[in-house]
Amino acid sequence: KQYKVGSQGLLVNITTNAADNTYYWKHRYPIVTYLISLAVTNYAEFTINANLTQGTLPIQNFVYPEDSITYYNQINFIKPIIQLYDSLFTPYPFMNEKYGHAQFGWTGGMEHQTMSSMGYFSESLMAHELAHQWFGDRITCNSWTEIWLNEGFATYCTGLFYKHLAPVWWMPWREDMINSATSQPSGSVYCTDTTSISRIFSSRLSYKKGAYLLRMLEWKIGANNFYQALRNYLNDTNLSYSFSSTNELKNHLESISGLNLTEFFNDWYYGEGFPSYQVTWSQIGTNVNFVVNQTQSHTSVSFYEMPIPIYVKGQGFDTTLVFNHDFSGQNFSATIPFTIDSVFFDPELWILSD
């Protein structure tokens, strides 16, 4: 009787027999086997409510009693995060039931459906596990080779939390993703060895390079197209509350943007490594010329075709130029009505490059 049980769905009944309680949880949504959990200990329990696009959602929390005061205050920060995802993507996928957390003895978290297991309650960890309710729970990768569809998305959503709700950390997050993903010259987002747990859940490749693949797709097809494609992907009746592959996501991105993304995915998803850029420039009068070279860290990709942003400023003016970079040594020209004193390649860090 001293113990409580947290699990999926809604708690529908508790029965008592002598010294024991029996907890009955019922979940009415499809669920993949590895997202089921039973969390049992002498929990302290509390519920907070979030106002979302489709109504009020209870967020039910089971935490160790000695941590309950500290974590009550921290867990309240989940409300603006779930409101962000609810408006940015689709309504919360399990709106007829709940979301929640159950504290457990890991150093990280696990996105058990409607009740994430949490080792601690930082905003970034809560943002990551919550994002999985859309990407990983509502739609689950159909193979461990495709794990980035779960982990890359949740990692990018953590970045979006910083961008919208804690902007002071938005640039450091991007820098951390790039520095980690480019710390070794090889490795693909596509998981080539599903016999290795450390490779499946590679922080560098499945999480951070996967997150940056999404950021580059947002850059390449435009933010409006990107988020509409994600909403279409989540609402696809063949995928929603079921399994998906990278090709299914690619189809939705292509359908909304009108672009053929085969080469992009061959380079950035199946290919290994990343590019480095070398830019030289000159200005005569209002005519500015750029020569952009590219080297690759791995032989699996001969060239990364990308739209590249170059920011220039001088005399109190500035502008950003975007060029479609199709081969190394390519020349670009522009008319700039001021004398340039500074040139910056990709200052917003849209491209994964070293």
# chains A, B, ... in the order shown; residues from 1 in each chain; ligands from 1
>>> residues_around(residues="Thr33 (chain A)", least_positions_apart="4", cutoff="12 Å", atoms="only C-alpha atoms", output="PyMOL selection string")
chain A and resi 8+37+112-113+137+140+242
>>> select_by_dssp(residues="region 25-132 of chain A", states="alpha helix (DSSP H)", output="JSON, numbers by chain")
{"A": [68, 69, 70, 71, 72, 73, 74, 75, 78, 79, 80, 81, 82, 83, 84, 85, 86, 87, 88, 123, 124, 125, 126, 127, 128, 129, 130, 131]}
>>> residues_around(residues="Leu205 (chain A)", least_positions_apart="2", cutoff="9 Å", atoms="only C-alpha atoms", output="list in words")
Trp148, Gly152, Ser180, Ala181, Gly187, Ser188, Val189, Tyr190, Cys191, Arg199, Ile200, Phe201, Ser202, Ser203, Tyr207, Lys208, Lys209, Gly210 and Ala211 of chain A
>>> select_by_dssp(residues="region 136-275 of chain A", states="strand (DSSP E)", output="JSON, numbers by chain")
{"A": [139, 140, 141, 242, 243, 244, 275]}
>>> write_last_selection(atoms="N, CA and C atoms", output="short mmCIF file (atom, residue, chain, number, x, y, z; two decimals), in the first residue's frame")
data_model
loop_
_atom_site.label_atom_id
_atom_site.label_comp_id
_atom_site.auth_asym_id
_atom_site.auth_seq_id
_atom_site.Cartn_x
_atom_site.Cartn_y
_atom_site.Cartn_z
N ILE A 139 4.44 8.46 -34.25
CA ILE A 139 5.06 7.77 -35.39
C ILE A 139 6.40 7.21 -34.91
N THR A 140 6.59 5.91 -35.12
CA THR A 140 7.80 5.22 -34.66
C THR A 140 8.59 4.72 -35.87
N CYS A 141 9.89 4.79 -35.80
CA CYS A 141 10.73 4.28 -36.89
C CYS A 141 10.48 2.78 -37.08
N SER A 242 1.58 4.53 -36.01
CA SER A 242 2.13 3.34 -36.66
C SER A 242 3.61 3.60 -36.95
N PHE A 243 4.14 2.94 -37.97
CA PHE A 243 5.57 2.96 -38.27
C PHE A 243 5.86 3.76 -39.53
N SER A 244 7.09 4.29 -39.60
CA SER A 244 7.48 5.08 -40.77
C SER A 244 8.93 4.82 -41.11
N PRO A 275 30.95 18.77 -45.22
CA PRO A 275 31.81 19.62 -46.04
C PRO A 275 32.54 20.67 -45.19
#
>>> closest_residue(among="A:Gln330, A:Ser245, A:Thr295, A:Ser276", to="Ser143 (chain A)", atoms="only C-alpha atoms")
A:Ser245
>>> residues_around(residues="Thr22 (chain A)", least_positions_apart="3", cutoff="10 Å", atoms="only C-alpha atoms", output="list of chain:residue names")
A:Lys1, A:Tyr3, A:Lys4, A:Val5, A:Asn13, A:Ile14, A:Thr15, A:Thr16, A:Asn17, A:Trp25
>>> write_last_selection(atoms="N, CA and C atoms", output="PDB file, in the first residue's frame")
ATOM      1  N   LYS A   1       0.812  -1.214   0.000  1.00  0.00           N
ATOM      2  CA  LYS A   1       0.000   0.000   0.000  1.00  0.00           C
ATOM      3  C   LYS A   1       0.847   1.267   0.000  1.00  0.00           C
ATOM      4  N   TYR A   3       3.202   1.896  -1.939  1.00  0.00           N
ATOM      5  CA  TYR A   3       3.717   2.159  -3.279  1.00  0.00           C
ATOM      6  C   TYR A   3       2.613   2.665  -4.218  1.00  0.00           C
ATOM      7  N   LYS A   4       3.052   3.425  -5.230  1.00  0.00           N
ATOM      8  CA  LYS A   4       2.160   3.861  -6.298  1.00  0.00           C
ATOM      9  C   LYS A   4       2.715   3.379  -7.626  1.00  0.00           C
ATOM     10  N   VAL A   5       1.845   3.287  -8.619  1.00  0.00           N
ATOM     11  CA  VAL A   5       2.223   2.799  -9.945  1.00  0.00           C
ATOM     12  C   VAL A   5       1.898   3.866 -10.985  1.00  0.00           C
ATOM     13  N   ASN A  13      -8.686   2.414 -11.963  1.00  0.00           N
ATOM     14  CA  ASN A  13      -9.169   1.806 -10.730  1.00  0.00           C
ATOM     15  C   ASN A  13      -7.998   1.449  -9.828  1.00  0.00           C
ATOM     16  N   ILE A  14      -8.255   1.459  -8.527  1.00  0.00           N
ATOM     17  CA  ILE A  14      -7.327   0.927  -7.530  1.00  0.00           C
ATOM     18  C   ILE A  14      -8.145   0.058  -6.591  1.00  0.00           C
ATOM     19  N   THR A  15      -7.719  -1.185  -6.401  1.00  0.00           N
ATOM     20  CA  THR A  15      -8.403  -2.071  -5.454  1.00  0.00           C
ATOM     21  C   THR A  15      -7.458  -2.417  -4.314  1.00  0.00           C
ATOM     22  N   THR A  16      -8.020  -2.681  -3.144  1.00  0.00           N
ATOM     23  CA  THR A  16      -7.238  -2.973  -1.951  1.00  0.00           C
ATOM     24  C   THR A  16      -7.522  -4.391  -1.478  1.00  0.00           C
ATOM     25  N   ASN A  17      -6.444  -5.119  -1.150  1.00  0.00           N
ATOM     26  CA  ASN A  17      -6.560  -6.462  -0.608  1.00  0.00           C
ATOM     27  C   ASN A  17      -5.518  -6.607   0.492  1.00  0.00           C
ATOM     28  N   TRP A  25      -4.301   0.494 -15.003  1.00  0.00           N
ATOM     29  CA  TRP A  25      -4.099   1.545 -16.005  1.00  0.00           C
ATOM     30  C   TRP A  25      -4.634   1.043 -17.345  1.00  0.00           C
TER      31      TRP A  25
END
>>> residues_around(residues="Gly314 (chain A)", least_positions_apart="6", cutoff="6 Å", atoms="only C-alpha atoms", output="list in words")
Thr339, Ile340 and Asp341 of chain A
>>> closest_atom_pairs(of="region 94-158 of chain A", to="region 230-234 of chain A", cutoff="10 Å", atoms="only C-alpha atoms", output="tab-separated table")
residue	atom	partner	partner_atom	distance
A:Trp134	CA	A:Leu234	CA	7.5
A:Phe135	CA	A:Leu234	CA	8.3
A:Arg138	CA	A:Leu234	CA	7.6
A:Ile139	CA	A:Leu234	CA	7.0
>>> closest_residue(among="A:Ile48, A:Met177, A:Leu149, A:Ile336", to="Asn73 (chain A)", atoms="only C-alpha atoms")
A:Ile48
>>> closest_residue(among="A:Tyr72, A:Tyr99, A:Trp268, A:Trp144", to="Ser186 (chain A)", atoms="only C-alpha atoms")
A:Trp268
>>> residues_around(residues="Asn287 (chain A)", least_positions_apart="3", cutoff="9 Å", atoms="only C-alpha atoms", output="PyMOL selection string")
chain A and resi 282-284+333-337
>>> write_last_selection(atoms="C-alpha atoms", output="PDB file, in the first residue's frame")
ATOM      1  CA  SER A 282      36.675  40.901 -54.034  1.00  0.00           C
ATOM      2  CA  GLN A 283      34.851  44.144 -54.725  1.00  0.00           C
ATOM      3  CA  ILE A 284      35.275  46.686 -57.514  1.00  0.00           C
ATOM      4  CA  SER A 333      28.601  37.803 -58.331  1.00  0.00           C
ATOM      5  CA  ALA A 334      26.280  40.401 -56.846  1.00  0.00           C
ATOM      6  CA  THR A 335      25.707  44.123 -56.922  1.00  0.00           C
ATOM      7  CA  ILE A 336      26.223  45.693 -53.499  1.00  0.00           C
ATOM      8  CA  PRO A 337      25.662  49.476 -53.206  1.00  0.00           C
TER       9      PRO A 337
END
>>> closest_residue(among="A:Thr286, A:Thr70, A:Asn76, A:Thr56", to="Met95 (chain A)", atoms="only C-alpha atoms")
A:Thr56
>>> residues_around(residues="region 172-176 of chain A", least_positions_apart="5", cutoff="8 Å", atoms="only C-alpha atoms", output="PyMOL selection string")
chain A and resi 159+162+349
>>> atom_distance(atom1="CA of Gln103 (chain A)", atom2="CA of Arg204 (chain A)")
26.2 Å
>>> closest_residue(among="A:Gly100, A:Gly119, A:Gly271, A:Gly136", to="Ser7 (chain A)", atoms="only C-alpha atoms")
A:Gly100
>>> atom_distance(atom1="CA of Ser183 (chain A)", atom2="CA of Leu352 (chain A)")
11.6 Å
>>> closest_residue(among="A:Gly9, A:Leu253, A:Asn266, A:Phe338", to="Val288 (chain A)", atoms="only C-alpha atoms")
A:Phe338
>>> closest_atom_pairs(of="region 217-257 of chain A", to="region 298-313 of chain A", cutoff="12 Å", atoms="only C-alpha atoms", output="Markdown table")
| residue | atom | partner | partner_atom | distance |
| --- | --- | --- | --- | --- |
| A:Leu217 | CA | A:Met306 | CA | 10.1 |
| A:Glu218 | CA | A:Pro307 | CA | 11.6 |
| A:Trp219 | CA | A:Pro307 | CA | 8.2 |
| A:Lys220 | CA | A:Pro307 | CA | 6.7 |
| A:Ile221 | CA | A:Pro307 | CA | 10.0 |
| A:Gly222 | CA | A:Pro307 | CA | 11.2 |
>>> atom_distance(atom1="CA of Lys98 (chain A)", atom2="CA of Ala44 (chain A)")
17.8 Å
